[in-house]
Structures are given as structure tokens and as C-alpha cells.
>>> print(open('input-v2.txt').read())   # compact mmCIF, C-alpha atoms
# COMPACT_ATOMS: atom_id res chain seq x y z
CA MET Y 1 -11.73 37.96 -29.11
CA ASN Y 2 -8.25 36.72 -29.84
CA THR Y 3 -7.71 35.47 -26.29
CA LEU Y 4 -10.99 33.53 -26.53
CA ARG Y 5 -9.79 31.98 -29.76
CA THR Y 6 -6.47 31.01 -28.18
CA LEU Y 7 -8.32 29.45 -25.26
CA GLY Y 8 -10.56 27.47 -27.61
CA GLY Y 9 -7.52 26.37 -29.59
CA ILE Y 10 -5.77 25.13 -26.45
CA VAL Y 11 -8.84 23.17 -25.33
CA ILE Y 12 -9.39 21.59 -28.75
CA ASN Y 13 -5.71 20.71 -29.04
CA SER Y 14 -5.53 19.06 -25.63
CA VAL Y 15 -8.74 17.08 -26.15
CA GLU Y 16 -7.43 15.96 -29.53
CA ARG Y 17 -4.15 14.87 -27.97
CA LEU Y 18 -5.97 13.00 -25.23
CA GLY Y 19 -8.05 11.20 -27.85
CA ARG Y 20 -4.95 10.28 -29.84
CA ALA Y 21 -3.27 9.06 -26.67
CA SER Y 22 -6.24 6.83 -25.80
CA MET Y 23 -6.39 5.32 -29.30
CA PHE Y 24 -2.65 4.80 -29.10
CA LEU Y 25 -3.01 2.97 -25.77
CA TYR Y 26 -5.67 0.73 -27.31
CA GLU Y 27 -3.35 -0.11 -30.21
CA VAL Y 28 -0.47 -0.83 -27.83
CA LEU Y 29 -2.64 -3.11 -25.70
CA THR Y 30 -3.95 -5.07 -28.69
CA GLY Y 31 -0.40 -5.24 -30.04
CA SER Y 32 0.79 -6.70 -26.74
CA TRP Y 33 -0.87 -10.06 -27.38
CA GLU Y 34 1.53 -10.85 -30.19
CA LEU Y 35 4.42 -10.28 -27.80
CA LEU Y 36 3.62 -13.47 -25.91
CA ARG Y 37 5.38 -15.31 -28.73
CA ARG Y 38 8.40 -13.03 -28.65
CA PHE Y 39 8.70 -12.40 -24.96
CA TYR Y 40 12.43 -11.81 -25.18
CA LEU Y 41 11.71 -8.30 -26.48
CA VAL Y 42 9.91 -7.52 -23.21
CA VAL Y 43 12.71 -9.08 -21.14
CA GLN Y 44 15.20 -6.77 -22.84
CA GLN Y 45 13.08 -3.77 -21.90
CA VAL Y 46 12.63 -4.95 -18.31
CA TYR Y 47 16.41 -4.92 -18.18
CA SER Y 48 16.86 -1.40 -19.52
CA VAL Y 49 13.85 0.06 -17.68
CA GLY Y 50 13.97 -1.95 -14.45
CA VAL Y 51 17.42 -3.30 -13.72
CA LEU Y 52 19.21 -0.11 -14.69
CA THR Y 53 16.85 1.93 -12.46
CA LEU Y 54 17.49 -0.39 -9.54
CA LEU Y 55 20.47 1.44 -8.07
CA ILE Y 56 18.81 4.85 -7.74
CA ILE Y 57 15.67 3.22 -6.31
CA LEU Y 58 17.58 1.24 -3.70
CA VAL Y 59 19.75 4.16 -2.62
CA SER Y 60 16.86 6.61 -2.34
CA GLY Y 61 14.69 4.00 -0.61
CA LEU Y 62 17.36 3.42 2.00
CA PHE Y 63 17.80 7.13 2.65
CA VAL Y 64 14.08 7.91 2.73
CA GLY Y 65 13.65 5.11 5.29
CA MET Y 66 16.54 6.44 7.35
CA VAL Y 67 15.17 9.98 7.33
CA LEU Y 68 11.73 8.70 8.32
CA GLY Y 69 13.35 6.84 11.19
CA LEU Y 70 15.14 9.95 12.45
CA GLN Y 71 12.24 12.36 12.01
CA GLY Y 72 9.63 9.93 13.31
CA TYR Y 73 11.69 9.11 16.38
CA ASN Y 74 12.14 12.76 17.33
CA THR Y 75 8.39 13.39 17.09
CA LEU Y 76 7.21 10.16 18.69
CA VAL Y 77 9.59 10.32 21.62
CA LYS Y 78 7.80 13.49 22.80
CA PHE Y 79 4.64 11.43 23.29
CA GLY Y 80 6.46 8.53 24.84
CA SER Y 81 5.55 6.22 21.99
CA ALA Y 82 8.88 5.71 20.29
CA ASN Y 83 7.97 2.03 20.09
CA SER Y 84 5.50 2.84 17.31
CA LEU Y 85 8.37 3.95 15.10
CA GLY Y 86 8.20 0.74 13.06
CA LEU Y 87 4.51 1.29 12.39
CA LEU Y 88 5.06 4.89 11.31
CA VAL Y 89 7.93 4.04 8.97
CA ALA Y 90 6.18 1.03 7.44
CA LEU Y 91 2.81 2.71 6.92
CA SER Y 92 4.20 5.86 5.35
CA LEU Y 93 6.45 3.83 3.04
CA VAL Y 94 3.98 1.16 2.01
CA ARG Y 95 0.97 3.40 1.55
CA GLU Y 96 2.44 6.60 0.14
CA LEU Y 97 6.16 7.15 -0.25
CA GLY Y 98 7.01 3.79 -1.81
CA PRO Y 99 4.73 4.03 -4.84
CA VAL Y 100 4.90 7.82 -5.27
CA VAL Y 101 8.64 8.43 -4.94
CA THR Y 102 9.38 5.34 -7.04
CA ALA Y 103 7.03 6.59 -9.76
CA LEU Y 104 8.65 10.05 -9.74
CA LEU Y 105 12.16 8.58 -9.96
CA PHE Y 106 10.96 6.10 -12.55
CA ALA Y 107 9.56 8.93 -14.68
CA GLY Y 108 12.81 10.85 -14.41
CA ARG Y 109 15.17 7.95 -15.00
CA ALA Y 110 13.29 5.50 -17.26
CA GLY Y 111 10.38 7.51 -18.68
CA SER Y 112 12.53 10.27 -20.11
CA ALA Y 113 14.91 7.70 -21.63
CA LEU Y 114 12.00 5.90 -23.27
CA THR Y 115 10.65 9.11 -24.77
CA ALA Y 116 14.05 10.20 -26.04
CA GLU Y 117 14.74 6.79 -27.58
CA ILE Y 118 11.40 6.51 -29.37
CA GLY Y 119 11.44 10.17 -30.39
CA LEU Y 120 14.88 9.77 -31.89
CA MET Y 121 13.78 6.64 -33.73
CA LYS Y 122 10.98 8.71 -35.19
CA ALA Y 123 13.26 11.65 -36.06
CA THR Y 124 15.72 9.38 -37.84
CA GLU Y 125 12.80 7.69 -39.64
CA GLN Y 126 13.49 4.26 -38.25
CA LEU Y 127 9.81 3.85 -37.39
CA ALA Y 128 8.79 4.79 -40.92
CA GLY Y 129 11.40 2.35 -42.24
CA MET Y 130 9.86 -0.45 -40.22
CA GLU Y 131 6.47 0.30 -41.65
CA MET Y 132 7.99 0.13 -45.13
CA MET Y 133 9.18 -3.39 -44.31
CA ALA Y 134 5.64 -4.29 -43.13
CA VAL Y 135 6.78 -4.46 -39.50
CA ASN Y 136 4.31 -2.79 -37.20
CA PRO Y 137 6.43 -0.41 -35.06
CA ILE Y 138 3.79 -0.44 -32.33
CA THR Y 139 4.10 -4.16 -31.66
CA ARG Y 140 7.85 -4.30 -32.34
CA VAL Y 141 9.06 -1.13 -30.59
CA ILE Y 142 6.35 0.50 -28.47
CA ALA Y 143 4.50 -2.40 -26.83
CA PRO Y 144 7.64 -4.10 -25.37
CA ARG Y 145 8.74 -0.82 -23.82
CA PHE Y 146 5.27 -0.18 -22.40
CA LEU Y 147 5.00 -3.70 -20.97
CA GLY Y 148 8.53 -3.55 -19.60
CA GLY Y 149 7.64 -0.41 -17.67
CA VAL Y 150 4.37 -1.89 -16.38
CA ILE Y 151 6.18 -5.01 -15.13
CA ALA Y 152 9.16 -3.17 -13.63
CA MET Y 153 7.34 -0.43 -11.73
CA PRO Y 154 5.51 -2.52 -9.05
CA LEU Y 155 8.68 -4.53 -8.41
CA LEU Y 156 10.70 -1.35 -8.01
CA ALA Y 157 8.11 0.11 -5.63
CA ALA Y 158 8.13 -3.06 -3.52
CA LEU Y 159 11.93 -2.97 -3.36
CA PHE Y 160 11.82 0.71 -2.40
CA SER Y 161 9.41 0.06 0.48
CA ALA Y 162 11.27 -3.01 1.69
CA ILE Y 163 14.67 -1.34 1.73
CA GLY Y 164 13.10 1.75 3.30
CA VAL Y 165 11.76 -0.33 6.20
CA LEU Y 166 15.25 -1.79 6.63
CA GLY Y 167 16.68 1.76 6.60
CA GLY Y 168 14.22 2.80 9.29
CA HIS Y 169 15.21 -0.27 11.27
CA LEU Y 170 18.88 0.60 10.87
CA ILE Y 171 18.38 4.09 12.31
CA GLY Y 172 15.61 3.35 14.81
CA VAL Y 173 16.94 0.13 16.30
CA GLY Y 174 20.62 0.40 15.52
CA LEU Y 175 21.27 4.04 16.28
CA LEU Y 176 18.45 5.38 18.45
CA GLY Y 177 17.88 2.31 20.59
CA VAL Y 178 14.23 1.47 19.89
CA ASP Y 179 13.52 -2.10 20.97
CA ALA Y 180 13.71 -4.39 17.94
CA GLY Y 181 10.84 -6.59 19.12
CA ALA Y 182 8.53 -3.61 19.65
CA PHE Y 183 9.57 -2.17 16.28
CA TRP Y 184 8.46 -5.26 14.38
CA SER Y 185 5.46 -6.27 16.50
CA GLN Y 186 3.88 -2.80 16.41
CA MET Y 187 4.44 -2.80 12.66
CA GLN Y 188 2.82 -6.19 12.19
CA ASN Y 189 -0.14 -5.25 14.39
CA GLY Y 190 -0.80 -2.00 12.60
CA VAL Y 191 -0.13 -2.79 8.95
CA ASP Y 192 -3.00 -4.62 7.35
CA TYR Y 193 -2.33 -6.94 4.45
CA ARG Y 194 -5.31 -5.94 2.36
CA ASP Y 195 -5.83 -2.30 3.32
CA ASP Y 196 -2.21 -1.16 3.28
CA ILE Y 197 0.04 -3.49 1.31
CA LEU Y 198 -2.37 -4.41 -1.45
CA ASN Y 199 -3.37 -0.75 -1.69
CA GLY Y 200 0.28 0.18 -2.21
CA VAL Y 201 0.69 -2.49 -4.87
CA VAL Y 202 -2.42 -1.29 -6.70
CA LYS Y 203 -1.06 2.24 -6.62
CA SER Y 204 2.30 1.18 -8.04
CA VAL Y 205 0.63 -0.77 -10.85
CA VAL Y 206 -1.54 2.23 -11.76
CA PHE Y 207 1.49 4.55 -11.69
CA GLY Y 208 3.47 2.08 -13.81
CA VAL Y 209 0.77 2.03 -16.48
CA VAL Y 210 0.35 5.82 -16.48
CA VAL Y 211 4.05 6.73 -16.54
CA SER Y 212 4.89 4.16 -19.23
CA TRP Y 213 1.90 5.24 -21.27
CA ILE Y 214 2.85 8.93 -21.13
CA ALA Y 215 6.49 8.13 -21.92
CA VAL Y 216 5.86 6.00 -25.01
CA PHE Y 217 3.09 8.27 -26.28
CA GLU Y 218 5.18 11.42 -25.97
CA GLY Y 219 8.00 9.69 -27.83
CA TYR Y 220 5.73 8.40 -30.58
CA ASP Y 221 3.93 11.73 -30.89
CA ALA Y 222 7.07 13.89 -30.77
CA VAL Y 223 7.78 16.42 -33.48
CA PRO Y 224 10.57 14.66 -35.42
CA THR Y 225 13.28 17.26 -34.89
CA SER Y 226 15.92 17.56 -32.19
CA GLU Y 227 13.92 20.34 -30.52
CA GLY Y 228 10.76 18.27 -30.74
CA VAL Y 229 12.42 15.32 -29.02
CA ALA Y 230 13.82 17.60 -26.32
CA SER Y 231 10.44 19.14 -25.53
CA ALA Y 232 8.75 15.72 -25.66
CA THR Y 233 11.21 14.40 -23.07
CA ASN Y 234 10.56 17.46 -20.96
CA ARG Y 235 6.79 16.96 -21.22
CA THR Y 236 7.10 13.30 -20.21
CA VAL Y 237 8.72 14.18 -16.90
CA VAL Y 238 6.32 17.05 -16.15
CA TYR Y 239 3.12 15.25 -17.13
CA SER Y 240 4.10 11.99 -15.44
CA SER Y 241 4.93 13.73 -12.19
CA LEU Y 242 1.68 15.70 -12.20
CA ALA Y 243 -0.35 12.62 -13.13
CA VAL Y 244 1.29 10.54 -10.40
CA LEU Y 245 0.65 13.12 -7.70
CA GLY Y 246 -2.93 13.75 -8.81
CA LEU Y 247 -3.78 10.07 -9.13
CA ASP Y 248 -2.18 9.41 -5.77
CA PHE Y 249 -4.61 11.78 -4.10
CA LEU Y 250 -7.51 10.22 -6.00
CA LEU Y 251 -6.53 6.65 -5.10
CA THR Y 252 -5.93 7.54 -1.46
CA ALA Y 253 -9.30 9.30 -1.24
CA LEU Y 254 -11.00 6.27 -2.82
CA THR Y 255 -9.44 3.77 -0.43
CA LEU Y 256 -9.57 5.83 2.75
CA GLY Y 257 -12.96 7.40 2.06
CA ASP Y 258 -15.19 4.53 3.17
CA VAL Y 259 -13.30 2.86 5.97
CA MET L 1 24.57 -4.25 -26.04
CA ILE L 2 24.89 -6.70 -23.19
CA ASN L 3 24.78 -10.36 -24.21
CA ARG L 4 21.68 -12.46 -23.88
CA LYS L 5 22.78 -14.73 -21.05
CA SER L 6 23.79 -12.05 -18.58
CA LEU L 7 20.79 -9.94 -19.54
CA GLU L 8 18.49 -12.81 -18.66
CA LEU L 9 20.39 -13.34 -15.43
CA TRP L 10 19.98 -9.69 -14.42
CA VAL L 11 16.29 -9.60 -15.27
CA GLY L 12 15.79 -12.85 -13.37
CA LEU L 13 17.59 -11.43 -10.36
CA PHE L 14 15.57 -8.23 -10.54
CA VAL L 15 12.22 -10.01 -10.74
CA ALA L 16 13.18 -12.43 -7.96
CA ALA L 17 14.31 -9.54 -5.74
CA GLY L 18 11.06 -7.68 -6.44
CA ILE L 19 8.94 -10.69 -5.56
CA PHE L 20 11.05 -11.30 -2.46
CA ALA L 21 10.45 -7.67 -1.41
CA LEU L 22 6.69 -8.09 -1.93
CA GLY L 23 6.81 -11.25 0.15
CA MET L 24 8.72 -9.47 2.87
CA LEU L 25 6.17 -6.66 2.89
CA ALA L 26 3.29 -9.12 3.08
CA PHE L 27 4.68 -11.43 5.76
CA LYS L 28 7.22 -9.47 7.74
CA VAL L 29 5.70 -5.97 7.63
CA GLY L 30 2.04 -6.85 7.20
CA ASN L 31 0.23 -9.54 9.10
CA LEU L 32 -0.75 -11.93 6.31
CA SER L 33 0.33 -14.93 8.39
CA THR L 34 -2.13 -14.05 11.16
CA ALA L 35 -4.69 -12.13 9.15
CA ASP L 36 -7.20 -14.86 8.41
CA VAL L 37 -8.87 -17.16 10.84
CA THR L 38 -8.78 -20.59 9.24
CA ASP L 39 -11.70 -22.99 9.64
CA GLY L 40 -12.95 -20.96 12.56
CA TYR L 41 -16.42 -20.67 14.00
CA GLN L 42 -18.58 -17.68 14.77
CA ILE L 43 -20.00 -16.75 18.14
CA ARG L 44 -22.13 -13.83 19.31
CA ALA L 45 -22.32 -11.67 22.40
CA ASN L 46 -24.52 -8.75 23.43
CA PHE L 47 -22.99 -5.80 25.23
CA ASP L 48 -24.70 -2.84 26.91
CA ASN L 49 -22.01 -0.54 25.57
CA VAL L 50 -19.15 -1.40 23.24
CA GLY L 51 -17.34 1.91 23.72
CA GLY L 52 -14.68 2.27 21.06
CA LEU L 53 -14.58 -1.37 19.96
CA LYS L 54 -13.96 -1.72 16.23
CA VAL L 55 -14.39 -4.45 13.66
CA LYS L 56 -11.19 -6.53 13.37
CA ALA L 57 -10.33 -5.93 17.02
CA ALA L 58 -8.69 -8.88 18.76
CA VAL L 59 -10.52 -11.49 20.82
CA THR L 60 -8.19 -12.81 23.47
CA MET L 61 -8.18 -15.45 26.14
CA ALA L 62 -5.62 -15.13 28.96
CA GLY L 63 -4.01 -12.43 26.81
CA VAL L 64 -3.51 -14.74 23.82
CA ARG L 65 -5.26 -13.84 20.60
CA VAL L 66 -7.83 -16.49 19.69
CA GLY L 67 -9.96 -14.65 17.11
CA ARG L 68 -11.24 -11.31 15.95
CA VAL L 69 -14.41 -9.21 15.90
CA THR L 70 -16.22 -9.49 12.56
CA GLY L 71 -19.26 -7.30 13.07
CA ILE L 72 -20.89 -4.83 15.43
CA ALA L 73 -24.61 -4.17 15.01
CA PHE L 74 -27.41 -2.65 17.05
CA ASP L 75 -29.96 -5.04 18.55
CA ASN L 76 -33.32 -3.34 18.12
CA LYS L 77 -35.18 -5.38 20.71
CA LYS L 78 -32.76 -5.31 23.60
CA TYR L 79 -31.22 -1.91 22.88
CA GLN L 80 -27.81 -3.49 23.05
CA ALA L 81 -24.85 -3.87 20.75
CA ALA L 82 -24.68 -7.27 19.04
CA VAL L 83 -21.08 -8.25 18.43
CA THR L 84 -20.13 -11.21 16.25
CA MET L 85 -16.64 -12.67 16.36
CA ASP L 86 -14.70 -15.39 14.58
CA ILE L 87 -12.79 -17.77 16.81
CA ASP L 88 -9.89 -19.72 15.32
CA GLY L 89 -10.60 -23.42 14.80
CA LYS L 90 -7.60 -24.27 16.98
CA PHE L 91 -9.52 -23.13 20.05
CA LYS L 92 -12.55 -25.41 20.03
CA ILE L 93 -12.77 -26.01 23.77
CA ILE L 94 -14.11 -22.76 25.19
CA PRO L 95 -16.74 -23.57 27.89
CA ASN L 96 -20.18 -22.25 26.94
CA ASP L 97 -20.59 -20.38 30.21
CA SER L 98 -17.52 -18.26 29.53
CA SER L 99 -17.87 -14.52 29.95
CA ALA L 100 -16.75 -11.76 27.60
CA SER L 101 -15.63 -8.30 28.60
CA ILE L 102 -14.38 -5.34 26.64
CA LEU L 103 -10.92 -4.33 27.80
CA THR L 104 -8.44 -1.67 26.81
CA SER L 105 -4.78 -2.35 26.14
CA GLY L 106 -2.92 0.32 28.05
CA LEU L 107 -4.34 3.70 28.96
CA LEU L 108 -4.89 4.91 25.40
CA GLY L 109 -4.68 1.64 23.50
CA ASP L 110 -7.19 -0.14 21.31
CA GLN L 111 -10.13 -1.93 22.84
CA TYR L 112 -10.42 -5.69 22.55
CA ILE L 113 -12.58 -8.49 23.87
CA GLY L 114 -11.26 -10.68 26.64
CA LEU L 115 -12.86 -14.08 27.18
CA GLU L 116 -12.88 -15.50 30.70
CA PRO L 117 -13.40 -19.30 30.72
CA GLY L 118 -16.22 -20.76 32.76
CA GLY L 119 -16.49 -24.20 34.25
CA ALA L 120 -19.08 -25.92 32.03
CA GLU L 121 -18.41 -29.22 30.27
CA GLU L 122 -20.17 -28.06 27.11
CA TYR L 123 -18.18 -26.05 24.63
CA LEU L 124 -19.15 -23.08 22.47
CA ARG L 125 -20.04 -23.98 18.90
CA GLU L 126 -20.88 -22.16 15.66
CA GLY L 127 -23.61 -19.57 16.22
CA ASP L 128 -23.67 -19.83 20.03
CA ALA L 129 -24.01 -16.73 22.15
CA ILE L 130 -22.06 -15.71 25.24
CA ARG L 131 -24.54 -14.66 27.91
CA THR L 132 -22.36 -13.10 30.58
CA THR L 133 -20.84 -9.92 29.25
CA GLN L 134 -19.25 -6.84 30.70
CA SER L 135 -19.38 -3.49 28.90
CA ALA L 136 -16.55 -1.24 27.98
CA LEU L 137 -15.22 1.03 30.64
CA VAL L 138 -16.25 4.56 29.75
CA LEU L 139 -13.61 6.86 31.15
CA GLU L 140 -15.91 9.90 31.38
CA LYS L 141 -18.41 8.03 33.58
CA LEU L 142 -15.61 6.86 35.83
CA VAL L 143 -14.24 10.38 36.25
CA GLY L 144 -17.76 11.63 36.97
CA GLN L 145 -18.21 9.01 39.67
CA VAL L 146 -14.93 9.92 41.34
CA ILE L 147 -15.85 13.59 41.43
CA PHE L 148 -19.35 12.79 42.74
CA ASN L 149 -17.97 10.61 45.52
CA LYS L 150 -15.44 13.22 46.51
CA ALA L 151 -18.18 15.87 46.81
CA ASN L 152 -20.25 13.60 49.06
CA GLU L 153 -17.40 12.91 51.44
CA PRO L 154 -17.72 14.71 54.77
CA GLU L 155 -15.18 17.44 55.40
CA PRO L 156 -12.30 16.12 57.45
CA ALA L 157 -12.55 17.46 61.00
CA LYS L 158 -9.89 19.88 62.04
>>> encode(input="input-v2.txt", output="C-alpha cells")
Amino acid sequence: MNTLRTLGGIVINSVERLGRASMFLYEVLTGSWELLRRFYLVVQQVYSVGVLTLLIILVSGLFVGMVLGLQGYNTLVKFGSANSLGLLVALSLVRELGPVVTALLFAGRAGSALTAEIGLMKATEQLAGMEMMAVNPITRVIAPRFLGGVIAMPLLAALFSAIGVLGGHLIGVGLLGVDAGAFWSQMQNGVDYRDDILNGVVKSVVFGVVVSWIAVFEGYDAVPTSEGVASATNRTVVYSSLAVLGLDFLLTALTLGDV
Amino acid sequence: MINRKSLELWVGLFVAAGIFALGMLAFKVGNLSTADVTDGYQIRANFDNVGGLKVKAAVTMAGVRVGRVTGIAFDNKKYQAAVTMDIDGKFKIIPNDSSASILTSGLLGDQYIGLEPGGAEEYLREGDAIRTTQSALVLEKLVGQVIFNKANEPEPAK
């Protein structure tokens, strides 16, 4: 009996939280319109969410591309098609690894920072103070951070893919001796603008929205104690990663399903 | 906190780099520059068997890409495959008695359509059909033929 009650409690709690999160997203989106007049707030957040994440994205992109080049070459050379290395590297980066790995790193580097910052603002009653001064904390604090994340994420994913392709080129052409012309021409023949690149961009936009949403909601909804902020930060990383991987499968199935 | 000027500079750099990366992906990695046939015209051709031809496959002339396949349908009356293709507007002078054949690039490569120019003075226009066509080479049939011929050969005398 008690276990049933616990189960019911868990379900009700999670549905309630989901409802609160959706209403919160609606408020953030309606609050975003007012930001067009004070766009500098968003620019500041693009700096702290995007520019400061740049280094880790570029370094991991380069290394992921280099590893793909090495691994792909060793497999492809068995079938005598090492010339398709460019295609393999570009497709796996643009379609999958670019958006997904960027979103995971983004959740770990920027999402957790967002949650901790907002949670701490709540714990130290800065948000309540703003409300006292008739400043809506959602438009002043939350919406710029959300928008900053949504703007930064696709750009980061594009940079990740681009530098990854260069990394693959570095290893494949520079080190392993694949012909540079074949590397690029096979890539350009096989990668389709709409099916592959646009698909990757759509994925990165969706991931940007989801990760930023989870991060700001967890911060805003955190229990206002130091433990509460810690567990909210923890939840941001876990939930974002799970959501990104799940959505990635869903989006891939949707786009590949009816070719 | 970093001052406003350098913050704006960094964000500007970041956004510019991101857009540059997107552009590189679209033009250098993808094939946006050759993806769309501009002000082209559509022609048709019926084949007995298209084999593994796919939509978006290349249409070439003397090995140079002049267009792409836009549709493959089944012709109910002739029991043939009706293939439609877009030819780039740059190539307006293809004789209307040209022939089309389905070729394969390499042993395991993709199939594409090769156009062989004829000698007529009239040129193909929007909606025209190519009459002389050659089907795809079906490897299984070919292997079957070779085996059949071998079996029919008389035993070499000893």
C-alpha cells in the first residue's frame, strides 16, 4: 500500500513540476519581447554562456575530428575506400556528434553555471528583492540568460563541426596521406545541404532551447538553501544530458524515417 | 566584470565565427553551391529498367554534370519506368535525338544517367522526352549469361 502511495506521489510530483516548467517557459517567452529594447542584457549573457564556452568546444571539436579521422581511416582502408574518409568525418560530425557533444558540453559548462547563479540569487533573496522594487525577475534575469543560451548553442555546434572537419583533414590528409582532392570532393558529393546540414542546425537549435530551459528552470525552482542549489545544479546536468540524448534519437528517427 | 567595449567585441567575434562556420559547412562541406539547378528545364525519358537509380542522381554529358533526376515513376501503359530530370539552364543545346543510358560510376558506385548527344539541329526543350534509352546493367543477369554461355561451349578437345 505504502509503495503504491510513494509511486503515486512521484508521478503527481513530476507531472506538477512539468506543468510548472511549461508555464515558466511561457512566461519567459512572453517576457523576451521586452528584451528587444534592452538587448545589451542578452549580449552580456551570450558572452558568459557562449564566448566563455568557446575554448572547450573548439578543443574537443578538434580532437573528436582527429579521432574520427584515425578510426575511420583504419576501418575504411580495409575496404579500399580510404578516399571516403572526408564523407565519413563530415557526416558523423554534422549530423550527430556536432550537435550532441556540443549540447552535452554546453550543459556541463554553461547550463550548470546558469542554474547555480540563478539558484544563488534566489537563496540570497535577490529575486524577491527585485520583485519588491517592481522589477520582474523573469524579464530582467531569466529571459536574457535563456535567450543567450538559445543564440549561443547553434553557433557553438557549427564551430564544433567545422573545426572537427578540419581536425579530420589534419589527420587524414596531413598524417595518413589521403588525397586532399578526394577528401573534399567525396564530402561535397555526399553531404546534402538540406538533409544533413540543415538537419544538424535544427538539432542544435532544439538542444539549445531544451538545455537553456532546463538550466534556468532548475535554478528558478531550486530550494533556496545551499544544498538545494547543489542538487538543482546536479539535476540540470543529468536532465539536460538525458533530454539531449533522447531528443537526438527522436529527431534522427523523424528525419531518417521517411527518406 | 569585463568592460562593455571588449565584451561587445568578443560577442561580435563569437557570432561572426559561428556564422562563418555555418557558411563553411554549407558551402565547403555541403554542396549548396551546386545543389539547385537554376532556371533549368525538365525533360523525360522512359527506361525498361532503372536498376538502382535514385532521385537526385546526377545527369551527365561527357562525364560533366548537367542536371539531376527529380522523379522516378511507373508508367502504367508501357510497363516502363518514367524518369523526369532537371537540366541546368546553361545547357540549352542538347540535340533532341540524344540518347540516355543508365551508367554506374565504378564497380559499386552510384548509378547516374549519361546523355549521348545526337546529330539533330533541334534542341530539347521543357517537357520533351528522350526516345532512345538504354536500361541499367543488372549485374545478376550478366553473371547468369556468362555462366549460360560457358555451359553451352563445347568441351575443348584433348
>>> atom_distance(input="input-v2.txt", atom1="atom CA of Gln44 of chain Y", atom2="atom CA of Arg145 of chain Y")
8.8 Å
>>> atom_distance(input="input-v2.txt", atom1="atom CA of Asp86 of chain L", atom2="atom CA of Gln42 of chain L")
4.5 Å
>>> closest_residue(input="input-v2.txt", among="L:Asp39, L:Asp75, L:Glu116, L:Asp110", to="Thr60 of chain L", atoms="all atoms listed in the file")
L:Glu116
>>> closest_atom_pairs(input="input-v2.txt", of="chain Y", to="chain L", cutoff="10 Å", atoms="only C-alpha atoms", output="tab-separated table")
residue	atom	partner	partner_atom	distance
Y:Tyr40	CA	L:Glu8	CA	9.0
Y:Val43	CA	L:Val11	CA	6.9
Y:Gln44	CA	L:Leu7	CA	7.2
Y:Gln45	CA	L:Val11	CA	9.4
Y:Val46	CA	L:Val11	CA	6.7
Y:Tyr47	CA	L:Val11	CA	5.5
Y:Ser48	CA	L:Val11	CA	9.3
Y:Gly50	CA	L:Phe14	CA	7.6
Y:Val51	CA	L:Phe14	CA	6.2
Y:Leu52	CA	L:Trp10	CA	9.6
Y:Leu54	CA	L:Phe14	CA	8.1
Y:Gly86	CA	L:Val29	CA	9.0
Y:Leu87	CA	L:Val29	CA	8.8
Y:Ala90	CA	L:Val29	CA	7.0
Y:Leu91	CA	L:Val29	CA	9.2
Y:Val94	CA	L:Leu25	CA	8.2
Y:Ile151	CA	L:Val15	CA	9.0
Y:Ala152	CA	L:Val15	CA	8.0
Y:Met153	CA	L:Gly18	CA	9.7
Y:Pro154	CA	L:Gly18	CA	8.0
Y:Leu155	CA	L:Gly18	CA	4.4
Y:Leu156	CA	L:Gly18	CA	6.5
Y:Ala157	CA	L:Gly18	CA	8.4
Y:Ala158	CA	L:Leu22	CA	5.5
Y:Leu159	CA	L:Ala21	CA	5.3
Y:Phe160	CA	L:Ala21	CA	8.5
Y:Ser161	CA	L:Leu25	CA	7.8
Y:Ala162	CA	L:Ala21	CA	5.7
Y:Ile163	CA	L:Ala21	CA	8.2
Y:Val165	CA	L:Val29	CA	8.4
Y:Trp184	CA	L:Val29	CA	7.3
Y:Ser185	CA	L:Val29	CA	8.9
Y:Gln186	CA	L:Val29	CA	9.5
Y:Met187	CA	L:Val29	CA	6.1
Y:Gln188	CA	L:Gly30	CA	5.1
Y:Asn189	CA	L:Asn31	CA	6.8
Y:Gly190	CA	L:Gly30	CA	7.8
Y:Val191	CA	L:Gly30	CA	4.9
Y:Asp192	CA	L:Gly30	CA	5.5
Y:Tyr193	CA	L:Gly30	CA	5.2
Y:Arg194	CA	L:Leu32	CA	8.5
Y:Asp195	CA	L:Gly30	CA	9.9
Y:Asp196	CA	L:Gly30	CA	8.1
Y:Ile197	CA	L:Ala26	CA	6.7
Y:Leu198	CA	L:Ala26	CA	8.6
Y:Val201	CA	L:Leu22	CA	8.7
>>> atom_distance(input="input-v2.txt", atom1="atom CA of Ile118 of chain Y", atom2="atom CA of Tyr220 of chain Y")
6.1 Å
